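Undergrad: Structure supplied as upload_26.cif; contents: mmCIF, C-alpha atoms.
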data_input
#
loop_
_atom_site.label_atom_id
_atom_site.label_comp_id
_atom_site.auth_asym_id
_atom_site.auth_seq_id
_atom_site.Cartn_x
_atom_site.Cartn_y
_atom_site.Cartn_z
CA MET A 1 -10.34 -16.54 14.77
CA GLY A 2 -9.92 -14.68 11.50
CA ARG A 3 -6.55 -14.77 9.80
CA GLY A 4 -6.55 -11.02 9.16
CA THR A 5 -7.08 -10.10 12.81
CA PHE A 6 -3.52 -10.90 13.95
CA LEU A 7 -1.22 -7.92 14.32
CA GLY A 8 2.45 -7.64 13.48
CA ASP A 9 4.93 -6.71 16.20
CA PHE A 10 5.22 -3.04 15.24
CA GLU A 11 1.51 -2.71 14.41
CA HIS A 12 0.75 -3.95 17.90
CA LEU A 13 3.05 -1.33 19.45
CA VAL A 14 1.59 1.47 17.33
CA LEU A 15 -2.00 0.59 18.27
CA LEU A 16 -1.10 0.54 21.97
CA ALA A 17 0.73 3.89 21.60
CA VAL A 18 -2.34 5.43 19.92
CA LEU A 19 -4.43 4.20 22.83
CA ARG A 20 -1.99 5.68 25.36
CA CYS A 21 -1.82 9.06 23.61
CA GLY A 22 -5.61 9.53 23.75
CA ASP A 23 -6.76 12.81 22.19
CA GLU A 24 -3.18 13.76 21.25
CA ALA A 25 -2.53 10.66 19.13
CA TYR A 26 -0.70 12.04 16.11
CA GLY A 27 2.64 11.00 14.63
CA LEU A 28 5.14 12.67 16.98
CA PRO A 29 3.66 11.67 20.39
CA ILE A 30 3.04 8.13 19.07
CA ARG A 31 6.70 7.85 18.05
CA ASP A 32 7.89 9.32 21.37
CA GLU A 33 5.68 6.92 23.31
CA ILE A 34 7.15 3.88 21.51
CA ILE A 35 10.75 5.11 21.93
CA GLU A 36 10.25 5.94 25.61
CA ARG A 37 8.58 2.66 26.54
CA THR A 38 10.44 0.16 24.36
CA GLY A 39 13.81 1.84 23.78
CA ARG A 40 13.47 1.01 20.09
CA THR A 41 14.80 3.40 17.43
CA VAL A 42 11.81 4.43 15.32
CA SER A 43 11.71 6.86 12.40
CA THR A 44 8.82 9.21 11.67
CA GLY A 45 8.42 7.53 8.27
CA ALA A 46 8.08 4.05 9.82
CA VAL A 47 5.37 5.31 12.19
CA TYR A 48 3.36 6.96 9.39
CA THR A 49 3.73 3.90 7.13
CA THR A 50 2.28 1.69 9.86
CA LEU A 51 -0.47 4.17 10.75
CA GLU A 52 -1.48 4.30 7.08
CA ARG A 53 -1.59 0.47 6.82
CA LEU A 54 -3.64 0.19 10.01
CA GLU A 55 -6.08 2.79 8.72
CA ARG A 56 -6.37 0.85 5.45
CA LYS A 57 -7.15 -2.31 7.44
CA GLY A 58 -9.96 -0.45 9.23
CA LEU A 59 -8.25 -0.58 12.62
CA LEU A 60 -7.73 3.20 12.88
CA SER A 61 -9.68 6.24 11.83
CA SER A 62 -8.19 9.71 11.48
CA ARG A 63 -9.23 13.34 11.40
CA VAL A 64 -7.16 16.36 10.41
CA THR A 65 -6.84 19.13 13.01
CA PRO A 66 -5.07 22.48 12.67
CA GLY A 67 -1.44 22.56 13.80
CA GLY A 68 0.06 25.15 16.14
CA GLU A 69 2.99 27.56 16.01
CA ALA A 70 5.54 24.77 16.71
CA ARG A 71 4.54 23.04 13.44
CA GLU A 72 4.44 26.32 11.49
CA HIS A 73 0.66 25.80 11.29
CA ARG A 74 0.96 22.58 9.31
CA PRO A 75 -2.13 20.40 9.98
CA ARG A 76 -1.85 17.23 12.03
CA ARG A 77 -3.73 13.95 11.64
CA VAL A 78 -5.12 12.61 14.92
CA TYR A 79 -5.80 8.85 15.04
CA THR A 80 -8.46 6.91 16.96
CA LEU A 81 -8.88 3.14 17.41
CA THR A 82 -11.94 1.53 15.82
CA GLY A 83 -13.92 -1.37 17.31
CA SER A 84 -12.02 -3.84 15.10
CA ALA A 85 -8.74 -2.61 16.59
CA PHE A 86 -9.83 -3.64 20.09
CA ASP A 87 -10.80 -7.08 18.74
CA ALA A 88 -7.43 -7.40 16.97
CA LEU A 89 -5.57 -6.39 20.13
CA ALA A 90 -7.47 -8.97 22.19
CA VAL A 91 -6.87 -11.74 19.63
CA THR A 92 -3.15 -10.96 19.35
CA ARG A 93 -2.69 -10.72 23.10
CA ALA A 94 -4.47 -14.06 23.62
CA ALA A 95 -2.34 -15.70 20.90
CA ILE A 96 0.92 -14.48 22.48
CA ALA A 97 -0.21 -15.56 25.96
CA SER A 98 -1.21 -18.98 24.67
CA MET A 99 2.10 -19.49 22.82
CA SER A 100 4.12 -18.36 25.85
CA ARG A 101 2.25 -20.43 28.49
CA GLY A 102 4.46 -23.06 30.12
CA LEU A 103 7.65 -21.97 28.36
CA ARG A 104 10.74 -21.18 30.37
CA LEU A 105 12.97 -18.80 28.47
CA PRO A 106 16.60 -18.31 29.55
CA GLY A 107 17.15 -14.83 31.02
CA VAL A 108 13.41 -14.08 31.29
CA GLY A 109 11.87 -14.06 34.77
CA MET B 1 15.64 28.57 2.32
CA THR B 2 16.90 26.98 5.56
CA LEU B 3 19.35 24.16 6.30
CA ARG B 4 16.35 21.85 6.62
CA SER B 5 15.02 22.60 3.13
CA LEU B 6 16.98 19.76 1.51
CA GLY B 7 15.39 17.30 3.95
CA TYR B 8 11.90 18.51 3.06
CA ILE B 9 12.72 18.20 -0.67
CA LEU B 10 13.91 14.59 -0.18
CA LEU B 11 10.75 13.73 1.75
CA ALA B 12 8.56 15.37 -0.89
CA LEU B 13 10.11 13.03 -3.48
CA VAL B 14 9.12 9.83 -1.66
CA ALA B 15 6.28 10.56 0.80
CA PRO B 16 2.67 10.08 -0.36
CA SER B 17 1.16 13.55 -0.85
CA ARG B 18 -1.61 12.79 1.70
CA LEU B 19 0.95 12.51 4.53
CA ARG B 20 3.46 15.17 3.51
CA ASP B 21 2.15 17.95 5.76
CA ASP B 22 1.89 15.63 8.76
CA ILE B 23 5.45 14.37 8.39
CA GLU B 24 6.95 17.82 7.79
CA GLY B 25 4.99 19.20 10.73
CA ASP B 26 6.27 16.45 13.04
CA LEU B 27 9.89 17.00 11.95
CA GLN B 28 9.54 20.75 12.43
CA GLU B 29 7.94 20.33 15.87
CA ARG B 30 10.68 17.92 16.97
CA TYR B 31 13.41 20.24 15.69
CA ARG B 32 11.94 23.16 17.65
CA ARG B 33 11.77 20.99 20.76
CA ILE B 34 15.39 19.80 20.56
CA ALA B 35 17.10 23.03 19.42
CA PRO B 36 16.73 25.09 22.66
CA GLN B 37 18.03 22.22 24.84
CA ALA B 38 20.78 20.65 22.69
CA GLY B 39 21.63 23.42 20.24
CA GLU B 40 20.90 24.02 16.56
CA GLY B 41 23.64 21.64 15.34
CA ARG B 42 22.38 18.60 17.27
CA ALA B 43 18.77 19.39 16.37
CA LEU B 44 19.76 19.55 12.70
CA ALA B 45 21.66 16.25 12.96
CA ALA B 46 18.62 14.61 14.60
CA PHE B 47 16.41 16.11 11.86
CA TYR B 48 18.51 14.62 9.04
CA ARG B 49 18.90 11.27 10.83
CA ASP B 50 15.12 11.04 10.96
CA VAL B 51 14.74 12.15 7.32
CA PHE B 52 17.16 9.50 6.02
CA ALA B 53 15.65 6.77 8.21
CA SER B 54 12.18 7.71 6.93
CA LEU B 55 12.97 7.54 3.21
CA ALA B 56 12.86 3.73 2.81
CA PRO B 57 9.55 3.03 4.63
CA LEU B 58 7.84 5.99 2.95
CA ALA B 59 9.05 4.92 -0.51
CA LEU B 60 7.69 1.43 0.19
CA LEU B 61 4.33 2.88 1.24
CA ARG B 62 4.18 4.94 -1.95
CA CYS B 63 4.91 1.83 -4.09
CA GLU B 64 2.16 -0.12 -2.29
CA SER B 65 -0.38 2.63 -2.95
CA ALA B 66 0.64 2.91 -6.62
CA ALA B 67 0.39 -0.88 -7.13
CA ARG B 68 -3.05 -0.97 -5.49
CA ASP B 69 -4.33 1.86 -7.69
CA ALA B 70 -2.94 0.20 -10.82
CA ARG B 71 -4.59 -3.11 -9.86
CA LEU B 72 -7.94 -1.36 -9.40
CA ARG B 73 -7.53 0.37 -12.78
CA ALA B 74 -6.73 -2.97 -14.42
CA VAL B 75 -9.85 -4.63 -12.99
CA ALA B 76 -12.03 -1.64 -13.92
CA LEU B 77 -10.73 -1.61 -17.50
CA GLY B 78 -11.22 -5.37 -17.73
CA LEU B 79 -14.81 -5.14 -16.55
CA THR B 80 -15.54 -2.32 -19.03
CA ALA B 81 -14.05 -4.33 -21.88
CA CYS B 82 -16.03 -7.39 -20.79
CA ALA B 83 -19.25 -5.35 -20.77
CA ALA B 84 -18.45 -4.09 -24.27
CA VAL B 85 -18.00 -7.67 -25.52
CA ILE B 86 -21.23 -8.82 -23.86
CA LEU B 87 -23.13 -5.93 -25.44
CA GLY B 88 -21.98 -7.25 -28.78
CA GLU B 89 -20.33 -5.98 -31.89
CA GLY B 90 -23.31 -3.81 -32.77
CA ALA B 91 -23.13 -1.72 -29.59
CA ALA B 92 -19.36 -1.46 -29.25
CA SER B 93 -17.01 -0.82 -32.11
CA ARG B 94 -14.28 -3.38 -32.70
CA ALA B 95 -11.59 -0.70 -32.45
CA GLY B 96 -12.97 0.47 -29.09
CA VAL B 97 -12.99 -3.02 -27.61
CA GLU B 98 -9.50 -3.70 -28.97
CA SER B 99 -8.21 -0.47 -27.39
CA LEU B 100 -9.72 -1.45 -24.05
CA LEU B 101 -8.21 -4.91 -24.36
CA ALA B 102 -4.77 -3.44 -25.09
CA ALA B 103 -5.04 -0.90 -22.24
CA HIS B 104 -6.09 -3.65 -19.83
CA ALA B 105 -3.20 -5.89 -20.90
CA ILE B 106 -0.66 -3.04 -20.48
CA VAL B 107 -1.90 -2.00 -17.03
CA ALA B 108 -2.17 -5.61 -15.81
CA THR B 109 1.32 -6.47 -17.06
CA ALA B 110 2.84 -3.29 -15.57
CA THR B 111 1.20 -4.03 -12.21
CA LEU B 112 2.41 -7.61 -12.23
CA ALA B 113 5.92 -6.59 -13.32
CA ALA B 114 6.11 -3.97 -10.54
CA THR B 115 4.88 -6.25 -7.79
CA ARG B 116 5.90 -9.77 -8.93
CA PRO B 117 8.53 -9.76 -11.70
CA TYR B 118 8.89 -13.57 -11.76
CA ALA B 119 5.14 -14.03 -12.04
CA ALA B 120 5.11 -11.51 -14.94
CA ALA B 121 7.81 -13.47 -16.80
CA LEU B 122 5.97 -16.77 -16.22
CA SER B 123 2.69 -15.22 -17.43
CA MET B 124 4.36 -14.12 -20.65
CA TYR B 125 5.71 -17.63 -21.32
CA ALA B 126 2.28 -19.07 -20.49
CA ALA B 127 0.64 -16.60 -22.90
CA LEU B 128 3.04 -17.72 -25.68
CA VAL B 129 2.21 -21.38 -25.07
CA VAL B 130 -1.55 -20.68 -24.98
CA THR B 131 -1.29 -18.66 -28.20
CA ALA B 132 0.55 -21.50 -29.94
CA LEU B 133 -2.06 -24.00 -28.74
CA LEU B 134 -4.97 -21.82 -29.87
CA PHE B 135 -3.48 -21.36 -33.31
CA THR B 136 -3.06 -25.14 -33.60
CA VAL B 137 -6.54 -25.99 -32.28
CA PHE B 138 -8.33 -23.31 -34.30
CA GLY B 139 -6.23 -23.76 -37.45
CA PRO B 140 -9.06 -25.11 -39.63
CA GLU B 141 -11.46 -22.45 -38.37
CA ARG B 142 -8.89 -19.79 -39.18
CA ARG B 143 -8.82 -20.86 -42.82
CA GLU B 144 -12.62 -21.00 -42.90
CA LEU B 145 -13.27 -17.63 -41.28
CA GLY B 146 -10.52 -15.66 -42.92
CA GLU B 147 -7.82 -13.72 -41.09
CA PRO B 148 -9.75 -10.64 -39.74
CA ASP B 149 -12.67 -12.62 -38.27
CA PHE B 150 -10.35 -15.20 -36.80
CA TYR B 151 -8.25 -12.54 -35.07
CA TRP B 152 -11.41 -10.82 -33.79
CA ARG B 153 -12.66 -14.08 -32.28
CA PHE B 154 -9.20 -14.78 -30.87
CA ALA B 155 -9.05 -11.30 -29.29
CA ARG B 156 -12.39 -11.87 -27.56
CA LEU B 157 -11.23 -15.22 -26.24
CA ALA B 158 -7.97 -13.70 -24.95
CA LEU B 159 -9.92 -10.85 -23.37
CA THR B 160 -12.20 -13.28 -21.55
CA ILE B 161 -9.18 -15.23 -20.22
CA VAL B 162 -7.39 -12.05 -19.07
CA VAL B 163 -10.50 -10.63 -17.38
CA CYS B 164 -11.28 -13.93 -15.64
CA ALA B 165 -7.67 -14.22 -14.43
CA SER B 166 -7.75 -10.62 -13.10
CA LEU B 167 -11.01 -11.19 -11.29
CA VAL B 168 -9.91 -14.52 -9.80
CA ARG B 169 -6.64 -12.91 -8.67
CA SER B 170 -8.39 -9.94 -7.03
CA LEU B 171 -10.94 -12.23 -5.34
CA ARG B 172 -8.24 -14.61 -4.07
CA LYS B 173 -6.19 -11.71 -2.69
CA ARG B 174 -6.02 -11.84 1.10
CA PRO B 175 -7.78 -8.94 2.85
CA ALA B 176 -5.21 -6.22 3.63
#
As structure tokens, please, write out the structure in this file.
TA:
Amino acid sequence: MGRGTFLGDFEHLVLLAVLRCGDEAYGLPIRDEIIERTGRTVSTGAVYTTLERLERKGLLSSRVTPGGEAREHRPRRVYTLTGSAFDALAVTRAAIASMSRGLRLPGVG
Amino acid sequence: MTLRSLGYILLALVAPSRLRDDIEGDLQERYRRIAPQAGEGRALAAFYRDVFASLAPLALLRCESAARDARLRAVALGLTACAAVILGEGAASRAGVESLLAAHAIVATATLAATRPYAAALSMYAALVVTALLFTVFGPERRELGEPDFYWRFARLALTIVVCASLVRSLRKRPA
């Protein structure tokens, strides 16, 4: 298990949000997805900072597409998961499951 | 000029240029989505809340990129200087190699100071100690060679140490 394959908490959420957004995975829907599903307050800057780091790590690839009227025709960057991202997600999920197994946490069912 | 212009100016100051259009587009799109439902005032408040919350992470991202570029420049300059030394005095002028050495030292120190100020201070103390030791060890040689040749040899030795340290540091760096 490589040391670099583990994901941070927010990186994990962003990768899952990209996966959920599919072909429409650019900054705004990714942010909305995280807010809607986790109830966490997330800024646009925090989302783009994480997307940029994940792309640098080779876990995401991006392509620029033209933006519509709502964005005043500013381009938007659409993100896609790479093969390494799926490996990293699997490794992180397995690590969390392994650490949680057999633990009884107060207030958690 | 709209009420949102100040927000865009603030973002332009801190956001990496590569992401500026994406971020501005997202803020604009969100503003247009909120305004018809909640009113212009609430949409503007949400816009500025997002702008101010975005400043810190974007500034951090910009610093990271700048430090990475400076580190790459430092290693590239070091390798060029090393190549010049290996090629020998005949192929590379002494002034040229000394300029490269100085440029490398400045960029490496600036990078270290920006990313690890304590490490930069420790390096400077270490450099002073090493210099004192070298002058003591090579004292007789200094008298034999004469000042200019001694300093030239010393500069090459210092260059080799700096380049090796840079390379070891970049190789030991954990993959991002």
Undergrad: Of the candidates B:Ala45, B:Ala15, B:Thr2, B:Leu10, which shows the shortest atom-to-atom distance to Ala59 (chain B), using all atoms listed in the file?
TA: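 Using all atoms listed in the file, Ala59 (chain B) sits closest to B:Ala15.
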Undergrad: At a cut-off of 7 Å, which residues of chain A touch chain B? Count all atoms listed in the file and give the answer as a list of chain:residue names.
TA: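 Those within range of chain B come out as A:Gly4, A:Gly27, A:Leu28, A:Ser43, A:Thr44, A:Gly45, A:Ala46, A:Thr49, A:Lys57, A:Ala70, A:Arg71, A:Arg74, A:Pro75, A:Arg76, A:Arg77.
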Undergrad: Skipping near chain neighbours, those fewer than 2 positions away, what residues fall within 12 Å of Ala85 (chain A) using all atoms listed in the file, listed as a PyMOL selection string?
TA: chain A and resi 4-7+11-12+14-16+18-19+54-61+79-83+87-92
Undergrad: Calculate how many Å separate CA of Glu33 (chain A) from CA of Leu103 (chain A), rounding to one decimal.
TA: 29.4 Å
Undergrad: Figure out the distance between CA of Val64 (chain A) and CA of Leu13 (chain B), please, to one decimal in Å.
TA: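 Rounded to one decimal, the two atoms are 22.4 Å apart.
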Undergrad: What is the distance between CA of Val78 (chain A) and CA of Ala43 (chain B), in Å to one decimal?
TA: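 These atoms are spaced 24.9 Å apart.
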